[in-house]
$ cat structure_4.csv   # CSV, C-alpha atoms
chain,number,residue,atom,x,y,z
X,1,MET,CA,0.0,0.0,0.0
X,2,ASP,CA,1.4,3.3,-1.0
X,3,ASP,CA,0.0,5.6,1.7
X,4,LYS,CA,1.4,9.0,1.0
X,5,THR,CA,1.6,11.8,3.6
X,6,THR,CA,-0.6,14.8,3.3
X,7,ALA,CA,2.4,17.0,2.6
X,8,LYS,CA,3.4,14.7,-0.3
X,9,LEU,CA,-0.1,14.8,-1.7
X,10,GLU,CA,-0.2,18.6,-1.5
X,11,ASN,CA,3.2,18.8,-3.2
X,12,ILE,CA,1.8,16.7,-6.1
X,13,LEU,CA,-1.3,18.9,-6.3
X,14,LYS,CA,0.9,22.1,-6.6
X,15,SER,CA,2.1,21.0,-10.0
X,16,ALA,CA,-1.1,19.3,-11.3
X,17,TYR,CA,-3.2,20.7,-14.0
X,18,THR,CA,-7.0,20.8,-14.0
X,19,PHE,CA,-7.2,18.1,-16.7
X,20,GLU,CA,-5.1,15.8,-14.4
X,21,ALA,CA,-7.7,15.6,-11.6
X,22,GLY,CA,-8.9,12.1,-12.6
X,23,LYS,CA,-5.3,10.8,-12.9
X,24,TYR,CA,-4.5,12.2,-9.5
X,25,LEU,CA,-7.5,10.5,-7.9
X,26,LYS,CA,-6.8,7.2,-9.5
X,27,GLU,CA,-3.0,7.2,-8.8
X,28,ASN,CA,-3.5,8.2,-5.2
X,29,GLU,CA,-6.6,6.3,-4.4
X,30,GLU,CA,-5.1,4.4,-1.5
X,31,SER,CA,-4.0,7.6,0.2
X,32,LEU,CA,-7.3,9.4,-0.1
X,33,LEU,CA,-10.0,9.5,2.6
X,34,ARG,CA,-13.5,8.4,1.9
X,35,GLU,CA,-16.4,10.5,3.0
X,36,GLU,CA,-18.0,7.8,5.1
X,37,LYS,CA,-16.5,6.9,8.5
X,38,ARG,CA,-13.1,8.4,7.9
X,39,PHE,CA,-12.4,8.7,11.6
X,40,SER,CA,-13.4,5.1,12.2
X,41,ALA,CA,-11.2,3.8,9.4
X,42,TYR,CA,-8.2,5.9,10.4
X,43,MET,CA,-8.4,4.8,14.1
X,44,LYS,CA,-8.9,1.1,13.3
X,45,LYS,CA,-5.9,1.2,10.9
X,46,LEU,CA,-3.7,2.8,13.6
X,47,ILE,CA,-4.9,0.5,16.3
X,48,LYS,CA,-4.1,-2.5,14.1
X,49,GLU,CA,-0.7,-1.1,13.2
X,50,LYS,CA,0.1,-0.6,16.8
X,51,ASN,CA,-1.1,-4.1,17.7
X,52,LEU,CA,-3.5,-2.9,20.3
X,53,ARG,CA,-6.9,-4.1,21.4
X,54,GLN,CA,-9.8,-1.7,21.5
X,55,GLN,CA,-10.9,-3.0,24.9
X,56,ASP,CA,-7.5,-2.2,26.4
X,57,ILE,CA,-7.6,1.3,24.9
X,58,PHE,CA,-11.0,2.0,26.5
X,59,ILE,CA,-9.8,0.7,29.9
X,60,GLN,CA,-6.7,3.0,29.6
X,61,ALA,CA,-8.8,5.9,28.4
X,62,ASP,CA,-11.3,5.4,31.2
X,63,VAL,CA,-14.1,5.4,28.6
X,64,PRO,CA,-16.9,2.8,29.0
X,65,GLU,CA,-16.3,0.0,26.6
X,66,ARG,CA,-19.7,0.0,25.0
X,67,TYR,CA,-19.6,3.8,24.5
X,68,GLY,CA,-16.0,3.6,23.2
X,69,TYR,CA,-17.0,1.1,20.5
X,70,LYS,CA,-19.8,3.3,19.4
X,71,ILE,CA,-17.5,6.3,19.2
X,72,LEU,CA,-14.8,4.4,17.2
X,73,SER,CA,-17.4,3.0,14.8
X,74,GLU,CA,-19.1,6.4,14.5
X,75,GLU,CA,-22.4,5.0,15.6
X,76,LYS,CA,-22.4,7.7,18.2
X,77,HIS,CA,-21.0,11.1,18.1
X,78,THR,CA,-19.6,13.1,21.0
X,79,ARG,CA,-19.0,16.8,21.3
X,80,GLN,CA,-16.6,16.1,24.2
X,81,ARG,CA,-13.1,16.7,22.7
X,82,ASP,CA,-11.6,15.2,25.8
X,83,VAL,CA,-13.1,11.8,25.1
X,84,ILE,CA,-11.4,11.7,21.7
X,85,LEU,CA,-8.1,12.9,23.3
X,86,ARG,CA,-8.4,10.2,26.0
X,87,ILE,CA,-8.9,7.5,23.3
X,88,CYS,CA,-6.0,8.9,21.2
X,89,TYR,CA,-3.7,9.0,24.2
X,90,ALA,CA,-4.6,5.5,25.3
X,91,ALA,CA,-4.1,4.2,21.7
X,92,GLU,CA,-0.6,5.6,21.8
X,93,LEU,CA,-1.1,8.0,19.0
X,94,THR,CA,1.6,10.5,18.2
X,95,LEU,CA,0.7,14.2,18.3
X,96,GLU,CA,0.5,14.3,14.5
X,97,GLU,CA,-1.8,11.2,14.5
X,98,THR,CA,-3.9,12.8,17.2
X,99,GLN,CA,-4.2,16.1,15.3
X,100,HIS,CA,-5.3,14.2,12.2
X,101,ALA,CA,-7.9,12.1,14.2
X,102,LEU,CA,-9.4,15.3,15.8
X,103,MET,CA,-9.7,16.8,12.3
X,104,LEU,CA,-11.3,13.7,10.9
X,105,TYR,CA,-13.8,13.7,13.8
X,106,GLY,CA,-14.7,17.3,13.1
X,107,MET,CA,-13.0,18.8,16.2
X,108,SER,CA,-10.4,21.5,16.4
X,109,PRO,CA,-6.8,20.3,16.7
X,110,LEU,CA,-4.6,21.1,19.7
X,111,TYR,CA,-3.3,24.7,19.4
X,112,ALA,CA,0.1,25.7,20.8
X,113,ARG,CA,-1.1,29.1,21.9
X,114,ILE,CA,-3.8,27.7,24.3
X,115,PRO,CA,-2.0,26.7,27.5
X,116,ARG,CA,-4.0,23.6,28.2
X,117,ASP,CA,-3.5,22.4,24.6
X,118,ALA,CA,0.2,23.2,24.8
X,119,VAL,CA,0.5,20.9,27.9
X,120,LEU,CA,-1.4,18.2,26.1
X,121,MET,CA,0.9,18.6,23.0
X,122,ILE,CA,3.8,18.0,25.3
X,123,ALA,CA,2.1,14.9,26.8
X,124,PHE,CA,1.4,13.5,23.3
X,125,ASN,CA,5.0,14.2,22.2
X,126,ARG,CA,6.6,12.5,25.2
X,127,HIS,CA,3.9,9.9,25.8
X,128,SER,CA,5.2,8.9,29.2
X,129,GLY,CA,2.6,7.6,31.6
X,130,ASN,CA,-1.1,7.2,31.4
X,131,ILE,CA,-4.2,9.5,31.5
X,132,LEU,CA,-3.8,10.0,35.2
X,133,ASP,CA,-0.2,11.3,34.6
X,134,VAL,CA,-1.5,13.6,31.9
X,135,ASN,CA,-4.2,15.0,34.3
X,136,ALA,CA,-1.5,15.4,37.0
X,137,MET,CA,0.5,17.5,34.5
X,138,LEU,CA,-2.6,19.6,33.8
X,139,LYS,CA,-3.4,20.0,37.5
X,140,GLU,CA,0.2,21.0,38.2
X,141,GLN,CA,-0.2,23.9,35.8
X,142,GLY,CA,-3.6,24.9,37.2
X,143,LEU,CA,-5.4,23.8,34.0
X,144,GLU,CA,-8.6,21.9,33.5
X,145,LEU,CA,-8.2,18.1,33.6
X,146,LEU,CA,-9.2,15.8,30.8
X,147,GLN,CA,-12.8,15.1,31.5
X,148,THR,CA,-14.3,11.7,31.6
X,149,SER,CA,-17.1,10.8,29.3
X,150,GLY,CA,-20.3,11.8,31.0
X,151,PRO,CA,-23.6,10.0,30.6
X,152,GLN,CA,-23.6,8.1,27.3
X,153,GLU,CA,-27.0,6.4,26.8
$ encode --input "structure_4.csv" --output "structure tokens"
Amino acid sequence: MDDKTTAKLENILKSAYTFEAGKYLKENEESLLREEKRFSAYMKKLIKEKNLRQQDIFIQADVPERYGYKILSEEKHTRQRDVILRICYAAELTLEETQHALMLYGMSPLYARIPRDAVLMIAFNRHSGNILDVNAMLKEQGLELLQTSGPQE
């Protein structure tokens, strides 16, 4: 599978002509995202690559298992960005992978100028410890902790 980075795809598009749109889509089909369930496909791919089990991720993220499965399959949608961040952290996603997951889910990426987001970016870059350790970092800086998923059903 020739899965190209977004930067590489953007570079190809810079030199493409309008009449080459079909050629671009065909040649880069494996790297393009489909409209339906993009977040779900992306997360499942990463979880498989990292040899993780969804059940273990939900336990580490402190997200109820049944709710976690519904979030990852996009059967349910949450407006709680912290739930997605918890799942991403527990799934051992890098900062870049997390930013992409947030975007695919329709949420704003972490932003370096927002103090809480900056601390979370450090946590994703270093990835030492678990969610409790991330919350300890946030608390130490006087910032709001990563919230647990409230009532789901």
$ atom_distance --input "structure_4.csv" --atom1 "atom CA of X:Lys23" --atom2 "atom CA of X:Leu104"
24.7 Å
$ atom_distance --input "structure_4.csv" --atom1 "atom CA of X:Ser108" --atom2 "atom CA of X:Lys44"
20.7 Å
$ residues_near_point --input "structure_4.csv" --point "(-4.8, 6.4, 28.3)" --cutoff "8 Å" --atoms "all atoms listed in the file" --output "list of chain:residue names"
X:Ile57, X:Phe58, X:Ile59, X:Gln60, X:Ala61, X:Asp62, X:Arg86, X:Ile87, X:Cys88, X:Tyr89, X:Ala90, X:Ala91, X:Glu92, X:Asn130, X:Ile131, X:Leu132
$ atom_distance --input "structure_4.csv" --atom1 "atom CA of X:Gly142" --atom2 "atom CA of X:Tyr105"
27.9 Å
$ residues_around --input "structure_4.csv" --residues "X:Lys139" --least-positions-apart "5" --cutoff "12 Å" --atoms "only C-alpha atoms" --output "compact mmCIF listing (two decimals) with C-alpha atoms, keeping the file's coordinate frame"
# COMPACT_ATOMS: atom_id res chain seq x y z
CA ARG X 116 -4.00 23.60 28.20
CA VAL X 119 0.50 20.90 27.90
CA LEU X 120 -1.40 18.20 26.10
CA LEU X 132 -3.80 10.00 35.20
CA ASP X 133 -0.20 11.30 34.60
CA VAL X 134 -1.50 13.60 31.90
CA GLU X 144 -8.60 21.90 33.50
CA LEU X 145 -8.20 18.10 33.60
CA LEU X 146 -9.20 15.80 30.80
$ closest_residue --input "structure_4.csv" --among "X:Ile71, X:Met121, X:Ile84, X:Leu93" --to "X:Lys45" --atoms "all atoms listed in the file"
X:Leu93
$ residues_around --input "structure_4.csv" --residues "X:Met107" --least-positions-apart "4" --cutoff "7 Å" --atoms "all atoms listed in the file" --output "MDAnalysis selection string"
chainID X and resid 81 102:103
$ closest_residue --input "structure_4.csv" --among "X:Ser15, X:Ser149, X:Thr78, X:Asn51" --to "X:Gly106" --atoms "only C-alpha atoms"
X:Thr78
$ build_atoms --input "structure_4.csv" --residues "stretch 132-152 of chain X" --atoms "N, CA, C and O atoms" --output "compact mmCIF listing (two decimals), in the frame of the given file"
# COMPACT_ATOMS: atom_id res chain seq x y z
N LEU X 132 -3.91 9.40 33.91
CA LEU X 132 -3.80 10.00 35.20
C LEU X 132 -2.54 10.90 35.30
O LEU X 132 -2.57 11.96 35.92
N ASP X 133 -1.47 10.48 34.65
CA ASP X 133 -0.20 11.30 34.60
C ASP X 133 -0.46 12.57 33.80
O ASP X 133 0.04 13.63 34.16
N VAL X 134 -1.23 12.46 32.72
CA VAL X 134 -1.50 13.60 31.90
C VAL X 134 -2.36 14.62 32.75
O VAL X 134 -2.07 15.82 32.78
N ASN X 135 -3.35 14.11 33.47
CA ASN X 135 -4.20 15.00 34.30
C ASN X 135 -3.32 15.59 35.44
O ASN X 135 -3.55 16.74 35.83
N ALA X 136 -2.34 14.85 35.94
CA ALA X 136 -1.50 15.40 37.00
C ALA X 136 -0.64 16.58 36.40
O ALA X 136 -0.46 17.59 37.07
N MET X 137 -0.19 16.44 35.15
CA MET X 137 0.50 17.50 34.50
C MET X 137 -0.36 18.77 34.36
O MET X 137 0.07 19.90 34.62
N LEU X 138 -1.61 18.53 33.94
CA LEU X 138 -2.60 19.60 33.80
C LEU X 138 -2.84 20.31 35.14
O LEU X 138 -2.83 21.54 35.24
N LYS X 139 -3.05 19.49 36.14
CA LYS X 139 -3.40 20.00 37.50
C LYS X 139 -2.19 20.84 38.01
O LYS X 139 -2.37 21.90 38.60
N GLU X 140 -0.98 20.34 37.79
CA GLU X 140 0.20 21.00 38.20
C GLU X 140 0.33 22.43 37.65
O GLU X 140 0.86 23.35 38.28
N GLN X 141 -0.21 22.60 36.46
CA GLN X 141 -0.20 23.90 35.80
C GLN X 141 -1.45 24.72 36.05
O GLN X 141 -1.63 25.80 35.48
N GLY X 142 -2.34 24.19 36.89
CA GLY X 142 -3.60 24.90 37.20
C GLY X 142 -4.57 24.90 36.06
O GLY X 142 -5.38 25.82 35.94
N LEU X 143 -4.52 23.87 35.22
CA LEU X 143 -5.40 23.80 34.00
C LEU X 143 -6.46 22.74 34.23
O LEU X 143 -6.32 21.82 35.04
N GLU X 144 -7.53 22.84 33.45
CA GLU X 144 -8.60 21.90 33.50
C GLU X 144 -8.18 20.50 33.12
O GLU X 144 -7.48 20.33 32.13
N LEU X 145 -8.59 19.52 33.91
CA LEU X 145 -8.20 18.10 33.60
C LEU X 145 -8.96 17.59 32.44
O LEU X 145 -10.02 18.11 32.08
N LEU X 146 -8.44 16.50 31.87
CA LEU X 146 -9.20 15.80 30.80
C LEU X 146 -10.41 15.19 31.44
O LEU X 146 -10.33 14.39 32.36
N GLN X 147 -11.56 15.60 30.96
CA GLN X 147 -12.80 15.10 31.50
C GLN X 147 -13.13 13.71 31.09
O GLN X 147 -12.76 13.31 30.00
N THR X 148 -13.81 13.00 31.97
CA THR X 148 -14.30 11.70 31.60
C THR X 148 -15.54 11.81 30.76
O THR X 148 -16.14 12.88 30.71
N SER X 149 -15.90 10.76 30.11
CA SER X 149 -17.10 10.80 29.30
C SER X 149 -18.32 10.74 30.22
O SER X 149 -18.48 9.79 30.97
N GLY X 150 -19.15 11.75 30.15
CA GLY X 150 -20.30 11.80 31.00
C GLY X 150 -21.34 10.75 30.60
O GLY X 150 -20.99 9.74 30.00
N PRO X 151 -22.61 10.96 30.90
CA PRO X 151 -23.60 10.00 30.60
C PRO X 151 -23.67 9.73 29.05
O PRO X 151 -23.64 10.67 28.28
N GLN X 152 -23.69 8.47 28.68
CA GLN X 152 -23.60 8.10 27.30
C GLN X 152 -24.96 7.71 26.67
O GLN X 152 -25.21 7.91 25.53
